[in-house]
$ cat work-v9.cif   # mmCIF, C-alpha atoms and all ligand atoms
data_work
#
loop_
_atom_site.group_PDB
_atom_site.id
_atom_site.type_symbol
_atom_site.label_atom_id
_atom_site.label_comp_id
_atom_site.auth_asym_id
_atom_site.auth_seq_id
_atom_site.Cartn_x
_atom_site.Cartn_y
_atom_site.Cartn_z
ATOM 1 C CA MET A 1 17.056 -4.288 4.886
ATOM 2 C CA VAL A 2 20.116 -3.673 2.688
ATOM 3 C CA THR A 3 19.007 -2.185 -0.568
ATOM 4 C CA LEU A 4 21.876 -0.205 -2.001
ATOM 5 C CA LEU A 5 21.857 -2.261 -5.187
ATOM 6 C CA ASP A 6 18.638 -2.687 -7.049
ATOM 7 C CA LYS A 7 19.129 -6.234 -8.300
ATOM 8 C CA THR A 8 16.309 -6.113 -10.816
ATOM 9 C CA ARG A 9 17.772 -3.051 -12.497
ATOM 10 C CA GLN A 10 21.452 -3.633 -11.774
ATOM 11 C CA LYS A 11 22.021 -0.068 -10.731
ATOM 12 C CA PRO A 12 22.271 1.675 -7.388
ATOM 13 C CA ARG A 13 18.975 2.137 -5.606
ATOM 14 C CA HIS A 14 20.354 5.308 -4.014
ATOM 15 C CA PRO A 15 22.930 6.718 -6.459
ATOM 16 C CA GLU A 16 23.403 9.835 -4.349
ATOM 17 C CA LYS A 17 24.468 7.718 -1.377
ATOM 18 C CA VAL A 18 27.015 5.484 -3.076
ATOM 19 C CA ASN A 19 29.988 7.650 -2.108
ATOM 20 C CA ARG A 20 28.782 8.485 1.380
ATOM 21 C CA PRO A 21 30.763 7.183 4.332
ATOM 22 C CA GLU A 22 29.608 3.904 5.816
ATOM 23 C CA ASN A 23 27.739 4.125 9.099
ATOM 24 C CA PRO A 24 27.558 0.803 10.902
ATOM 25 C CA ILE A 25 24.003 -0.318 11.630
ATOM 26 C CA LEU A 26 23.402 -0.610 15.361
ATOM 27 C CA LYS A 27 21.939 -3.781 16.794
ATOM 28 C CA LYS A 28 18.248 -3.324 17.529
ATOM 29 C CA PRO A 29 17.177 -3.395 21.165
ATOM 30 C CA SER A 30 14.741 -5.964 22.470
ATOM 31 C CA TRP A 31 11.776 -3.604 22.214
ATOM 32 C CA ILE A 32 12.073 -3.350 18.430
ATOM 33 C CA ARG A 33 10.347 -6.636 17.664
ATOM 34 C CA VAL A 34 8.679 -7.325 14.378
ATOM 35 C CA LYS A 35 6.113 -9.918 13.443
ATOM 36 C CA ALA A 36 7.044 -12.226 10.585
ATOM 37 C CA GLY A 37 4.931 -12.270 7.442
ATOM 38 C CA GLY A 38 3.776 -15.326 5.601
ATOM 39 C CA SER A 39 0.281 -15.879 7.021
ATOM 40 C CA PRO A 40 -2.492 -16.717 4.521
ATOM 41 C CA VAL A 41 -3.935 -13.198 4.873
ATOM 42 C CA TYR A 42 -0.476 -11.698 4.358
ATOM 43 C CA GLU A 43 -0.100 -13.708 1.147
ATOM 44 C CA LYS A 44 -3.556 -12.660 -0.010
ATOM 45 C CA THR A 45 -2.689 -9.015 0.582
ATOM 46 C CA ARG A 46 0.504 -9.435 -1.396
ATOM 47 C CA LYS A 47 -1.363 -11.082 -4.267
ATOM 48 C CA ILE A 48 -3.899 -8.248 -4.484
ATOM 49 C CA VAL A 49 -1.074 -5.691 -4.466
ATOM 50 C CA ARG A 50 0.759 -7.548 -7.237
ATOM 51 C CA ASP A 51 -2.349 -8.281 -9.324
ATOM 52 C CA ASN A 52 -3.247 -4.592 -9.290
ATOM 53 C CA ASN A 53 0.278 -3.575 -10.269
ATOM 54 C CA LEU A 54 0.686 -1.439 -7.149
ATOM 55 C CA VAL A 55 3.656 -0.183 -5.188
ATOM 56 C CA THR A 56 3.482 -0.065 -1.394
ATOM 57 C CA VAL A 57 5.493 2.008 1.025
ATOM 58 C CA CYS A 58 5.391 -1.005 3.333
ATOM 59 C CA GLU A 59 7.821 -2.792 1.012
ATOM 60 C CA GLU A 60 9.706 0.153 -0.446
ATOM 61 C CA ALA A 61 10.502 1.670 2.924
ATOM 62 C CA GLY A 62 11.361 -1.708 4.451
ATOM 63 C CA CYS A 63 8.787 -1.104 7.167
ATOM 64 C CA PRO A 64 9.236 -3.282 10.260
ATOM 65 C CA ASN A 65 5.464 -3.602 10.714
ATOM 66 C CA ILE A 66 4.696 -5.271 7.394
ATOM 67 C CA GLY A 67 4.131 -8.714 8.930
ATOM 68 C CA GLU A 68 1.520 -7.352 11.312
ATOM 69 C CA CYS A 69 -0.160 -4.929 8.894
ATOM 70 C CA TRP A 70 -0.431 -7.194 5.889
ATOM 71 C CA SER A 71 -1.782 -9.967 8.088
ATOM 72 C CA LYS A 72 -4.703 -7.575 8.625
ATOM 73 C CA LYS A 73 -4.813 -6.536 4.938
ATOM 74 C CA HIS A 74 -3.524 -3.082 5.844
ATOM 75 C CA ALA A 75 -1.281 -2.179 2.939
ATOM 76 C CA THR A 76 -0.345 1.456 2.310
ATOM 77 C CA MET A 77 -0.289 2.212 -1.389
ATOM 78 C CA MET A 78 2.441 4.437 -2.754
ATOM 79 C CA ILE A 79 1.230 6.074 -5.937
ATOM 80 C CA MET A 80 3.104 7.684 -8.845
ATOM 81 C CA GLY A 81 5.762 5.018 -9.104
ATOM 82 C CA ASP A 82 8.586 3.621 -7.018
ATOM 83 C CA THR A 83 11.190 6.302 -7.716
ATOM 84 C CA CYS A 84 11.451 9.559 -5.779
ATOM 85 C CA THR A 85 12.925 12.841 -6.991
ATOM 86 C CA ARG A 86 14.200 13.775 -3.531
ATOM 87 C CA ALA A 87 17.076 12.102 -1.745
ATOM 88 C CA CYS A 88 16.248 12.251 1.947
ATOM 89 C CA ALA A 89 19.066 10.794 4.022
ATOM 90 C CA PHE A 90 16.748 8.569 6.076
ATOM 91 C CA CYS A 91 14.563 7.111 3.369
ATOM 92 C CA ASN A 92 14.769 3.727 1.710
ATOM 93 C CA VAL A 93 12.610 4.579 -1.309
ATOM 94 C CA ARG A 94 14.570 4.445 -4.561
ATOM 95 C CA THR A 95 15.823 7.810 -5.881
ATOM 96 C CA GLY A 96 16.222 8.867 -9.493
ATOM 97 C CA ILE A 97 14.216 10.046 -12.453
ATOM 98 C CA PRO A 98 10.701 8.576 -12.309
ATOM 99 C CA GLY A 99 8.765 7.237 -15.268
ATOM 100 C CA PRO A 100 5.482 8.663 -16.569
ATOM 101 C CA LEU A 101 2.359 8.392 -14.443
ATOM 102 C CA ASP A 102 0.204 5.311 -14.939
ATOM 103 C CA PRO A 103 -3.262 6.578 -15.882
ATOM 104 C CA GLN A 104 -4.733 3.256 -14.718
ATOM 105 C CA GLU A 105 -3.277 3.587 -11.250
ATOM 106 C CA PRO A 106 -6.199 5.419 -9.576
ATOM 107 C CA ALA A 107 -8.588 2.694 -10.774
ATOM 108 C CA ASN A 108 -6.175 -0.062 -9.759
ATOM 109 C CA VAL A 109 -5.793 1.426 -6.281
ATOM 110 C CA ALA A 110 -9.561 1.697 -5.898
ATOM 111 C CA ASP A 111 -10.023 -1.878 -7.059
ATOM 112 C CA ALA A 112 -7.446 -3.094 -4.533
ATOM 113 C CA VAL A 113 -9.124 -1.127 -1.737
ATOM 114 C CA LYS A 114 -12.416 -2.785 -2.602
ATOM 115 C CA LYS A 115 -10.903 -6.284 -2.805
ATOM 116 C CA LEU A 116 -9.076 -5.824 0.491
ATOM 117 C CA GLY A 117 -12.333 -4.645 2.066
ATOM 118 C CA LEU A 118 -10.636 -1.767 3.865
ATOM 119 C CA ASN A 119 -12.575 0.464 6.233
ATOM 120 C CA HIS A 120 -9.742 2.980 6.076
ATOM 121 C CA VAL A 121 -6.950 3.319 3.536
ATOM 122 C CA VAL A 122 -3.719 5.295 3.565
ATOM 123 C CA ILE A 123 -2.429 6.548 0.234
ATOM 124 C CA THR A 124 1.020 8.022 0.000
ATOM 125 C CA SER A 125 3.362 8.849 -2.878
ATOM 126 C CA VAL A 126 6.894 9.505 -3.875
ATOM 127 C CA ASP A 127 7.916 13.122 -4.396
ATOM 128 C CA ARG A 128 7.342 14.120 -8.012
ATOM 129 C CA ASP A 129 9.205 17.402 -8.392
ATOM 130 C CA ASP A 130 9.378 16.628 -12.124
ATOM 131 C CA LEU A 131 5.609 17.127 -12.574
ATOM 132 C CA ASP A 132 4.125 20.601 -12.970
ATOM 133 C CA ASP A 133 1.574 19.950 -10.223
ATOM 134 C CA GLY A 134 3.788 17.706 -8.094
ATOM 135 C CA GLY A 135 1.268 14.908 -8.666
ATOM 136 C CA ALA A 136 -1.690 16.769 -7.136
ATOM 137 C CA ASN A 137 -4.056 15.746 -9.899
ATOM 138 C CA HIS A 138 -3.101 12.096 -9.503
ATOM 139 C CA PHE A 139 -3.969 12.301 -5.806
ATOM 140 C CA VAL A 140 -7.309 13.889 -6.709
ATOM 141 C CA GLU A 141 -8.077 11.165 -9.255
ATOM 142 C CA THR A 142 -7.118 8.430 -6.812
ATOM 143 C CA ILE A 143 -9.363 9.848 -4.087
ATOM 144 C CA ALA A 144 -12.250 10.113 -6.567
ATOM 145 C CA ALA A 145 -11.744 6.553 -7.797
ATOM 146 C CA ILE A 146 -11.784 5.160 -4.238
ATOM 147 C CA ARG A 147 -14.893 7.188 -3.364
ATOM 148 C CA GLN A 148 -16.644 5.656 -6.352
ATOM 149 C CA GLU A 149 -15.453 2.074 -5.893
ATOM 150 C CA ALA A 150 -15.460 1.867 -2.080
ATOM 151 C CA PRO A 151 -17.712 4.676 -0.834
ATOM 152 C CA ASN A 152 -17.642 3.546 2.793
ATOM 153 C CA THR A 153 -13.865 3.535 3.032
ATOM 154 C CA THR A 154 -12.357 6.534 4.796
ATOM 155 C CA ILE A 155 -9.324 7.959 3.037
ATOM 156 C CA GLU A 156 -6.117 9.195 4.573
ATOM 157 C CA ILE A 157 -3.472 10.741 2.355
ATOM 158 C CA LEU A 158 0.181 11.185 3.245
ATOM 159 C CA THR A 159 1.496 13.709 0.795
ATOM 160 C CA PRO A 160 4.790 15.185 -0.301
ATOM 161 C CA ASP A 161 5.336 18.874 0.430
ATOM 162 C CA PHE A 162 4.375 20.214 -3.039
ATOM 163 C CA LEU A 163 7.260 22.669 -2.711
ATOM 164 C CA ARG A 164 7.164 25.282 -5.496
ATOM 165 C CA LYS A 165 3.959 23.756 -6.961
ATOM 166 C CA ALA A 166 1.497 26.615 -6.837
ATOM 167 C CA GLY A 167 -2.099 25.530 -6.331
ATOM 168 C CA ALA A 168 -1.252 21.856 -5.788
ATOM 169 C CA LEU A 169 -2.036 21.711 -2.091
ATOM 170 C CA GLU A 170 -5.357 23.503 -2.601
ATOM 171 C CA ARG A 171 -6.433 20.993 -5.263
ATOM 172 C CA VAL A 172 -5.693 18.019 -3.055
ATOM 173 C CA ALA A 173 -7.318 19.499 0.044
ATOM 174 C CA LEU A 174 -10.451 20.322 -1.953
ATOM 175 C CA ALA A 175 -10.728 16.646 -2.906
ATOM 176 C CA LYS A 176 -11.658 16.202 0.769
ATOM 177 C CA PRO A 177 -9.717 13.225 2.045
ATOM 178 C CA ASP A 178 -10.791 12.333 5.575
ATOM 179 C CA VAL A 179 -7.260 12.798 6.906
ATOM 180 C CA PHE A 180 -4.546 14.975 5.397
ATOM 181 C CA ASN A 181 -1.158 13.827 6.648
ATOM 182 C CA HIS A 182 2.161 15.417 5.879
ATOM 183 C CA ASN A 183 5.151 14.410 7.952
ATOM 184 C CA LEU A 184 7.628 16.929 9.323
ATOM 185 C CA GLU A 185 9.911 13.883 9.795
ATOM 186 C CA THR A 186 12.385 15.597 12.141
ATOM 187 C CA VAL A 187 13.162 18.746 14.096
ATOM 188 C CA PRO A 188 14.215 21.899 12.195
ATOM 189 C CA SER A 189 17.888 21.678 13.186
ATOM 190 C CA ARG A 190 18.209 18.348 11.323
ATOM 191 C CA TYR A 191 16.588 19.432 8.077
ATOM 192 C CA LEU A 192 19.735 20.341 6.178
ATOM 193 C CA THR A 193 21.255 16.912 6.680
ATOM 194 C CA VAL A 194 18.227 14.631 7.048
ATOM 195 C CA ARG A 195 15.705 16.217 4.683
ATOM 196 C CA PRO A 196 17.795 18.607 2.567
ATOM 197 C CA GLY A 197 15.263 19.055 -0.237
ATOM 198 C CA ALA A 198 12.522 20.220 2.125
ATOM 199 C CA ARG A 199 11.887 23.321 4.219
ATOM 200 C CA TYR A 200 10.555 23.029 7.760
ATOM 201 C CA PHE A 201 8.331 26.096 7.689
ATOM 202 C CA HIS A 202 6.957 25.231 4.283
ATOM 203 C CA SER A 203 5.839 21.835 5.600
ATOM 204 C CA LEU A 204 4.342 23.401 8.695
ATOM 205 C CA ARG A 205 2.544 26.008 6.646
ATOM 206 C CA LEU A 206 1.168 23.315 4.350
ATOM 207 C CA LEU A 207 -0.550 21.663 7.301
ATOM 208 C CA GLN A 208 -1.895 24.984 8.484
ATOM 209 C CA GLN A 209 -3.253 25.762 5.010
ATOM 210 C CA VAL A 210 -5.202 22.508 4.900
ATOM 211 C CA LYS A 211 -7.084 23.630 7.999
ATOM 212 C CA GLU A 212 -7.656 27.084 6.516
ATOM 213 C CA ILE A 213 -9.102 25.537 3.361
ATOM 214 C CA ASP A 214 -11.253 22.987 5.170
ATOM 215 C CA PRO A 215 -11.451 23.262 8.971
ATOM 216 C CA SER A 216 -13.358 19.973 9.178
ATOM 217 C CA GLN A 217 -10.526 17.977 7.635
ATOM 218 C CA PHE A 218 -8.345 16.087 10.099
ATOM 219 C CA THR A 219 -4.651 16.900 9.865
ATOM 220 C CA LYS A 220 -1.828 14.676 10.981
ATOM 221 C CA SER A 221 1.948 14.802 11.059
ATOM 222 C CA GLY A 222 4.801 12.731 12.346
ATOM 223 C CA ILE A 223 8.419 12.796 13.355
ATOM 224 C CA MET A 224 11.088 10.178 13.871
ATOM 225 C CA LEU A 225 13.312 10.084 16.930
ATOM 226 C CA GLY A 226 16.886 8.857 17.034
ATOM 227 C CA LEU A 227 18.247 11.340 14.500
ATOM 228 C CA GLY A 228 20.181 13.391 17.040
ATOM 229 C CA GLU A 229 17.329 15.684 18.079
ATOM 230 C CA GLU A 230 17.181 17.263 21.516
ATOM 231 C CA ARG A 231 14.178 16.847 23.816
ATOM 232 C CA ASN A 232 13.380 20.565 23.828
ATOM 233 C CA GLU A 233 13.357 20.514 20.013
ATOM 234 C CA VAL A 234 10.760 17.736 20.025
ATOM 235 C CA LEU A 235 8.593 19.765 22.394
ATOM 236 C CA GLN A 236 8.978 22.788 20.109
ATOM 237 C CA VAL A 237 7.804 20.733 17.129
ATOM 238 C CA MET A 238 4.720 19.760 19.129
ATOM 239 C CA ASP A 239 4.007 23.425 19.831
ATOM 240 C CA ASP A 240 4.575 24.309 16.179
ATOM 241 C CA LEU A 241 2.124 21.630 15.068
ATOM 242 C CA ARG A 242 -0.491 22.823 17.525
ATOM 243 C CA SER A 243 0.025 26.367 16.276
ATOM 244 C CA ALA A 244 -0.862 25.006 12.838
ATOM 245 C CA ASN A 245 -3.938 23.337 14.386
ATOM 246 C CA VAL A 246 -2.709 19.837 13.597
ATOM 247 C CA ASP A 247 -4.942 17.215 15.207
ATOM 248 C CA PHE A 248 -2.808 14.114 15.347
ATOM 249 C CA ILE A 249 0.904 13.593 15.988
ATOM 250 C CA THR A 250 2.828 10.368 15.430
ATOM 251 C CA ILE A 251 6.259 9.816 16.965
ATOM 252 C CA GLY A 252 8.328 6.737 16.094
ATOM 253 C CA GLN A 253 11.873 5.430 16.144
ATOM 254 C CA TYR A 254 14.113 6.042 13.104
ATOM 255 C CA LEU A 255 15.589 2.799 11.790
ATOM 256 C CA GLN A 256 18.593 3.049 9.494
ATOM 257 C CA PRO A 257 17.856 1.233 6.218
ATOM 258 C CA SER A 258 21.494 0.687 5.179
ATOM 259 C CA SER A 259 25.034 1.615 6.149
ATOM 260 C CA ARG A 260 24.973 4.537 3.693
ATOM 261 C CA HIS A 261 21.862 6.081 5.199
ATOM 262 C CA TYR A 262 21.811 8.680 7.942
ATOM 263 C CA PRO A 263 23.379 7.198 11.057
ATOM 264 C CA ILE A 264 21.055 6.375 13.886
ATOM 265 C CA ASP A 265 21.949 8.425 16.936
ATOM 266 C CA ARG A 266 20.295 6.214 19.539
ATOM 267 C CA PHE A 267 17.337 4.019 20.308
ATOM 268 C CA VAL A 268 14.826 5.989 22.331
ATOM 269 C CA THR A 269 13.338 3.857 25.093
ATOM 270 C CA PRO A 270 9.634 2.946 25.277
ATOM 271 C CA GLU A 271 9.459 4.948 28.515
ATOM 272 C CA GLU A 272 10.697 8.075 26.750
ATOM 273 C CA PHE A 273 8.127 7.563 23.998
ATOM 274 C CA LYS A 274 5.452 7.260 26.643
ATOM 275 C CA ALA A 275 6.633 10.488 28.274
ATOM 276 C CA TYR A 276 6.438 12.288 24.914
ATOM 277 C CA GLU A 277 2.937 10.901 24.449
ATOM 278 C CA THR A 278 1.842 12.330 27.785
ATOM 279 C CA ILE A 279 3.289 15.740 26.928
ATOM 280 C CA ALA A 280 1.657 15.716 23.488
ATOM 281 C CA TRP A 281 -1.772 15.070 25.017
ATOM 282 C CA THR A 282 -1.298 18.018 27.360
ATOM 283 C CA LYS A 283 -0.502 20.230 24.412
ATOM 284 C CA GLY A 284 -3.955 19.634 23.001
ATOM 285 C CA PHE A 285 -3.633 17.082 20.211
ATOM 286 C CA SER A 286 -6.821 15.128 19.618
ATOM 287 C CA MET A 287 -4.839 11.976 18.905
ATOM 288 C CA VAL A 288 -1.310 10.887 19.757
ATOM 289 C CA SER A 289 0.645 7.789 18.811
ATOM 290 C CA SER A 290 4.124 7.585 20.276
ATOM 291 C CA SER A 291 6.064 4.327 20.471
ATOM 292 C CA PRO A 292 9.201 2.815 18.940
ATOM 293 C CA LEU A 293 7.247 1.129 16.133
ATOM 294 C CA THR A 294 4.798 3.954 15.496
ATOM 295 C CA ARG A 295 4.611 4.803 11.807
ATOM 296 C CA SER A 296 2.230 7.204 10.045
ATOM 297 C CA SER A 297 0.114 4.402 8.719
ATOM 298 C CA HIS A 298 0.469 1.912 11.563
ATOM 299 C CA HIS A 299 -2.978 1.234 13.037
ATOM 300 C CA ALA A 300 -4.197 4.187 10.979
ATOM 301 C CA GLY A 301 -7.777 2.902 10.784
ATOM 302 C CA GLU A 302 -8.161 2.315 14.528
ATOM 303 C CA ASP A 303 -6.457 5.617 15.287
ATOM 304 C CA PHE A 304 -8.763 7.439 12.892
ATOM 305 C CA GLU A 305 -11.774 6.122 14.783
ATOM 306 C CA LYS A 306 -10.267 7.347 18.060
ATOM 307 C CA LEU A 307 -9.415 10.694 16.504
ATOM 308 C CA ARG A 308 -12.973 11.148 15.296
ATOM 309 C CA ALA A 309 -14.401 10.108 18.656
ATOM 310 C CA ASN A 310 -12.025 12.403 20.526
ATOM 311 C CA ARG A 311 -13.007 15.362 18.395
ATOM 312 C CA ASN A 312 -16.663 14.608 18.953
ATOM 313 C CA ASN A 313 -15.982 14.468 22.691
ATOM 314 C CA ASN A 314 -13.995 17.690 22.485
ATOM 315 C CA LEU A 315 -10.849 16.009 23.691
ATOM 316 C CA GLY A 316 -7.884 18.100 22.625
ATOM 317 C CA GLN A 317 -8.200 21.840 22.570
ATOM 318 C CA ASP A 318 -8.236 24.556 20.031
ATOM 319 C CA ILE A 319 -5.491 26.991 20.712
HETATM 320 S S1 LIG A 401 3.092 0.649 9.350
HETATM 321 FE FE1 LIG A 401 2.377 1.510 7.413
HETATM 322 S S2 LIG A 401 4.105 1.310 5.990
HETATM 323 FE FE2 LIG A 401 4.487 -0.055 7.750
HETATM 324 S S3 LIG A 401 3.672 -2.043 7.076
HETATM 325 FE FE3 LIG A 401 2.067 -0.990 8.255
HETATM 326 S S4 LIG A 401 0.835 0.038 6.672
HETATM 327 FE FE4 LIG A 401 2.785 -0.499 5.725
#

$ encode --input "work-v9.cif" --output "structure tokens"
Amino acid sequence: MVTLLDKTRQKPRHPEKVNRPENPILKKPSWIRVKAGGSPVYEKTRKIVRDNNLVTVCEEAGCPNIGECWSKKHATMMIMGDTCTRACAFCNVRTGIPGPLDPQEPANVADAVKKLGLNHVVITSVDRDDLDDGGANHFVETIAAIRQEAPNTTIEILTPDFLRKAGALERVALAKPDVFNHNLETVPSRYLTVRPGARYFHSLRLLQQVKEIDPSQFTKSGIMLGLGEERNEVLQVMDDLRSANVDFITIGQYLQPSSRHYPIDRFVTPEEFKAYETIAWTKGFSMVSSSPLTRSSHHAGEDFEKLRANRNNNLGQDI
């Protein structure tokens, strides 16, 4: 997906990337196959998203799984607007100064969840460094609205890092989502270039704090491969996540959204993903998803059921 120019606004979608050198986009290997959209259920999902005035990360991130997910009504809502205050080198979400929060959004999200009939929903957001609480209260209101409108739906949140937002994490964790996900995205050695606005140990500590606040809450985190990381660094990230008592790790292939985004280093083979999966299980995670097309929210509902069952069966170990 080439999205450097936002045609509806006639201004760059990623102003900070306009003067970056061009990095040719590598041809995708045969194992990166995506299902086309357009089925009746896909169209119905899109209509509900539009009618409720919602933004989805599926569209904004140019996710390769959208055809499959939306054909099962699995849309991942991205709250607090479509513009992010960070400028991560890998991300396709628009960067800039966001508009004010929509006070109707929590109700609109809840209404969409009900109409879609979701057993499990994933709610994510842009980074809102411009807000005093980083958007924590909006997460809390959205969780409450879904609980009221669709009480049987389990809720997974994928949050920003709430860096320098004292008390924000605590507020969101106390709203008791079923799964608290925060992605590390990459190994520490890549942070300065891939995720320059974030801090590895802050993100790790955030996940650990969720468990300290509510040990019953499931925690989840993910990384992308193909950003130039070394194998031993990936294994170290697994150990770090287990040290923070994280339950579920997702590992997927980085796909370069445009020629101005961070260059893809290589396509990791399905066999390598499988090998990482095996190692992750041995390290004690209660749930592992590792494949080229793994994304945080891909198959999130099915994986949540497995995660819950595995915990009940004491699969995975406390360290
Ligand atoms: S994997 Fe997640 S972001 Fe991608 S289409 Fe599916 S629900 Fe949306």

$ closest_residue --input "work-v9.cif" --among "A:Ser189, A:Asn23, A:Thr250, A:Asn312" --to "His299 in chain A" --atoms "all atoms listed in the file"
A:Thr250

$ residues_around --input "work-v9.cif" --residues "Gln208 in chain A" --least-positions-apart "2" --cutoff "10 Å" --atoms "only C-alpha atoms" --output "PyMOL selection string"
chain A and resi 202-206+210-213+215+219+241-246

$ closest_residue --input "work-v9.cif" --among "A:Thr159, A:Thr154, A:Thr282, A:Gln236" --to "Arg308 in chain A" --atoms "all atoms listed in the file"
A:Thr154

$ closest_residue --input "work-v9.cif" --among "A:Ile48, A:Leu227, A:Ile32, A:Leu293" --to "ligand LIG 401 (chain A)" --atoms "only C-alpha atoms and all ligand atoms"
A:Leu293

$ closest_residue --input "work-v9.cif" --among "A:Ala36, A:Val179, A:Cys84, A:Pro29" --to "Asn65 in chain A" --atoms "only C-alpha atoms"
A:Ala36

$ resolve_selection --input "work-v9.cif" --expression "the PyMOL selection byres (((chain A and resi 111-119) around 7) and not hetatm)" --output "list of chain:residue names"
A:Ile48, A:Val49, A:Asn52, A:Lys73, A:Ala107, A:Asn108, A:Val109, A:Ala110, A:His120, A:Val121, A:Glu149, A:Ala150, A:Asn152, A:Thr153, A:Thr154

$ atom_distance --input "work-v9.cif" --atom1 "CA of Ala136 in chain A" --atom2 "CA of Ala75 in chain A"
21.5 Å

$ resolve_selection --input "work-v9.cif" --expression "the PyMOL selection byres (((not hetatm)) within 12 of (chain A and resi 401))" --output "PyMOL selection string"
chain A and resi 34-37+42+45-46+55-78+92-93+118+120-125+156+158+250+252+292-301

$ atom_distance --input "work-v9.cif" --atom1 "CA of Ile155 in chain A" --atom2 "CA of Ile143 in chain A"
7.4 Å

$ resolve_selection --input "work-v9.cif" --expression "the PyMOL selection byres (((chain A and resi 307) around 12) and not hetatm)" --output "count of residues only"
32

$ atom_distance --input "work-v9.cif" --atom1 "CA of Val18 in chain A" --atom2 "CA of Tyr254 in chain A"
20.7 Å

$ axis_aligned_box --input "work-v9.cif" --around "range 67-83 of chain A" --padding-each-side "4 Å" --output "lines of an AutoDock Vina configuration file"
center_x = 3.2
center_y = -1.1
center_z = 1.1
size_x = 24.0
size_y = 25.7
size_z = 28.4

$ residues_around --input "work-v9.cif" --residues "Ala198 in chain A" --least-positions-apart "4" --cutoff "10 Å" --atoms "only C-alpha atoms" --output "PyMOL selection string"
chain A and resi 86+88+160-163+184+191-192+194+202-203

$ closest_residue --input "work-v9.cif" --among "A:Pro270, A:Pro106, A:Pro257, A:Gly222" --to "Ala145 in chain A" --atoms "all atoms listed in the file"
A:Pro106

$ closest_residue --input "work-v9.cif" --among "A:Ile279, A:Leu255, A:Val172, A:Val268" --to "Leu235 in chain A" --atoms "only C-alpha atoms"
A:Ile279

$ residues_around --input "work-v9.cif" --residues "Leu101 in chain A" --least-positions-apart "3" --cutoff "10 Å" --atoms "only C-alpha atoms" --output "ChimeraX atom specification"
/A:79-81,98,104-105,128,131,135,138
